[in-house]
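Presented below is the structure to which this report refers.
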Amino acid sequence: MKKRDIFLIILRCVVALTLFTVAIVYYDELSTVDVKAIASLTDKLPVMIVMILALYVVKALVFVVPASLVYVAVGAIMNPVLAVFVNLFGIFIEVSVTYFLGSFLGKDAVHKLLSKKEIGRKLLEKDIQSKASVLVSIRAIPAFPIDFVSLFYGASGCSYLKYALLSLAGIAWRVILFTILGDAIFKWIPMDKIILIAICLIPVGVVYYLIKKFILEPKKVKESKSQE
């Protein structure tokens, strides 16, 4: 493993453990956070909507923000019907941004980028076509990240309008479900329990990440080389 890769692994673990420490220190404050109170920082609905859509643009470029968390958060701070429309429009923006990013980068660059991730390599191995049924199925079954698929189709030269509309059609059920559940989740599960669960998952995630990087992945590489 290269020194650069080891450094990045350590950096990610340090960031995660720093968040864990902050969460422990400020547990009392975090456990009493009112999600809707955060939204009330601005009393102008258009400003709030613009901020949410801007988040979708950022999400499309950084590839790390879980989509379901955005759906739930928007559902918790807005009227359910309006929240669904905002999230659907946000997803349309997101798949458009990453589609054009893939188109701009080109096929070779996108394939190189995707090949660095295990889920990306699986996507490249699939015989993905531009047929409507195939595209809708890929989007309806959340087997692959939204942004990776968008990059792939953008680089492949698939018709933009066809791609964007079919992607939206496939993803819509998830958007609607998580948006509607958004407000209910914060009513059913107290914030202190949500924060506690999140805190407990951080060290578990770090340990799994280290095992994956230093044990599982090297073992898989070694086995693949022995079979050649």
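Following the order of the structure tokens, chains are lettered A, B, ..., residues in each are numbered from 1, and ligands are numbered from 1.
Residues in contact range of stretch 97-112 of chain A, defined as at most 8 Å between only C-alpha atoms, with sequence neighbours fewer than 3 positions away removed, read A:Val57, A:Ala60, A:Leu61, A:Ile93, A:Glu94, A:Ser115, A:Lys116, A:Leu124, A:Asp147, A:Ser150, A:Leu151, A:Phe152, A:Tyr153, A:Gly154, A:Ala155, A:Ser156, A:Gly157, A:Tyr160.
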>> Which residues are close to A:Ser167, i.e. within 7 Å by only C-alpha atoms, leaving aside same-chain residues fewer than 4 positions away? Reply as a PyMOL selection string.
In response: chain A and resi 135-136+139+163+171
Selection from above, N, CA, C and O atoms, as a CSV table (one decimal), in the first residue's frame, can you write it?
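The resulting out30.csv:
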chain,number,residue,atom,x,y,z
A,135,LEU,N,-32.5,1.6,-17.3
A,135,LEU,CA,-32.2,2.8,-16.5
A,135,LEU,C,-33.1,3.0,-15.3
A,135,LEU,O,-32.7,3.3,-14.2
A,136,VAL,N,-34.4,2.8,-15.6
A,136,VAL,CA,-35.4,2.9,-14.5
A,136,VAL,C,-35.2,1.9,-13.4
A,136,VAL,O,-35.2,2.2,-12.2
A,139,ARG,N,-32.2,2.7,-11.2
A,139,ARG,CA,-32.5,3.8,-10.3
A,139,ARG,C,-33.5,3.4,-9.2
A,139,ARG,O,-33.4,3.8,-8.0
A,163,TYR,N,-32.2,10.5,-20.0
A,163,TYR,CA,-31.6,10.1,-18.8
A,163,TYR,C,-32.1,10.7,-17.5
A,163,TYR,O,-32.4,10.1,-16.5
A,171,ILE,N,-36.0,7.0,-9.1
A,171,ILE,CA,-35.7,7.4,-7.8
A,171,ILE,C,-36.8,7.9,-7.0
A,171,ILE,O,-36.8,7.9,-5.7
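Atom CA of A:Arg12 is positioned 8.7 Å from atom CA of A:Val206.
The protein and nucleic acid residues lying at most 8 Å from A:Ser68 are A:Pro66, A:Val70, A:Tyr71, A:Val72, A:Val175, A:Phe178, with only C-alpha atoms considered and sequence neighbours fewer than 2 positions away removed.
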Go ahead and dump the residues you just picked, C-alpha atoms, as an mmCIF file, in the first residue's frame.
data_model
loop_
_atom_site.group_PDB
_atom_site.id
_atom_site.type_symbol
_atom_site.label_atom_id
_atom_site.label_comp_id
_atom_site.auth_asym_id
_atom_site.auth_seq_id
_atom_site.Cartn_x
_atom_site.Cartn_y
_atom_site.Cartn_z
ATOM 1 C CA PRO A 66 -26.136 10.208 1.988
ATOM 2 C CA VAL A 70 -31.258 14.884 2.905
ATOM 3 C CA TYR A 71 -34.743 13.548 2.116
ATOM 4 C CA VAL A 72 -35.477 12.969 5.799
ATOM 5 C CA VAL A 175 -37.604 10.370 -2.331
ATOM 6 C CA PHE A 178 -38.137 9.144 3.050
#
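Note that atom CA of A:Ser96 and atom CA of A:Ala132 are 17.0 Å apart.
Straight-line separation from atom CA of A:Val14 to atom CA of A:Lys212: 16.5 Å.
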> Which residues come within 12 Å of stretch 43-50 of chain A, counting only C-alpha atoms, excluding same-chain residues fewer than 5 positions away, as a PyMOL selection string?
Replying inline: chain A and resi 36-38+55-57+74+77-79+82-87+89-90+93
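Closest to A:Ile176 among A:Ile202, A:Leu210, A:Ile91, A:Leu216 is A:Ile91, based on only C-alpha atoms.
Across A:Thr179, A:Lys220, A:Val204, A:Val15, the tightest approach to A:Ala76 is made by A:Thr179 when counting only C-alpha atoms.
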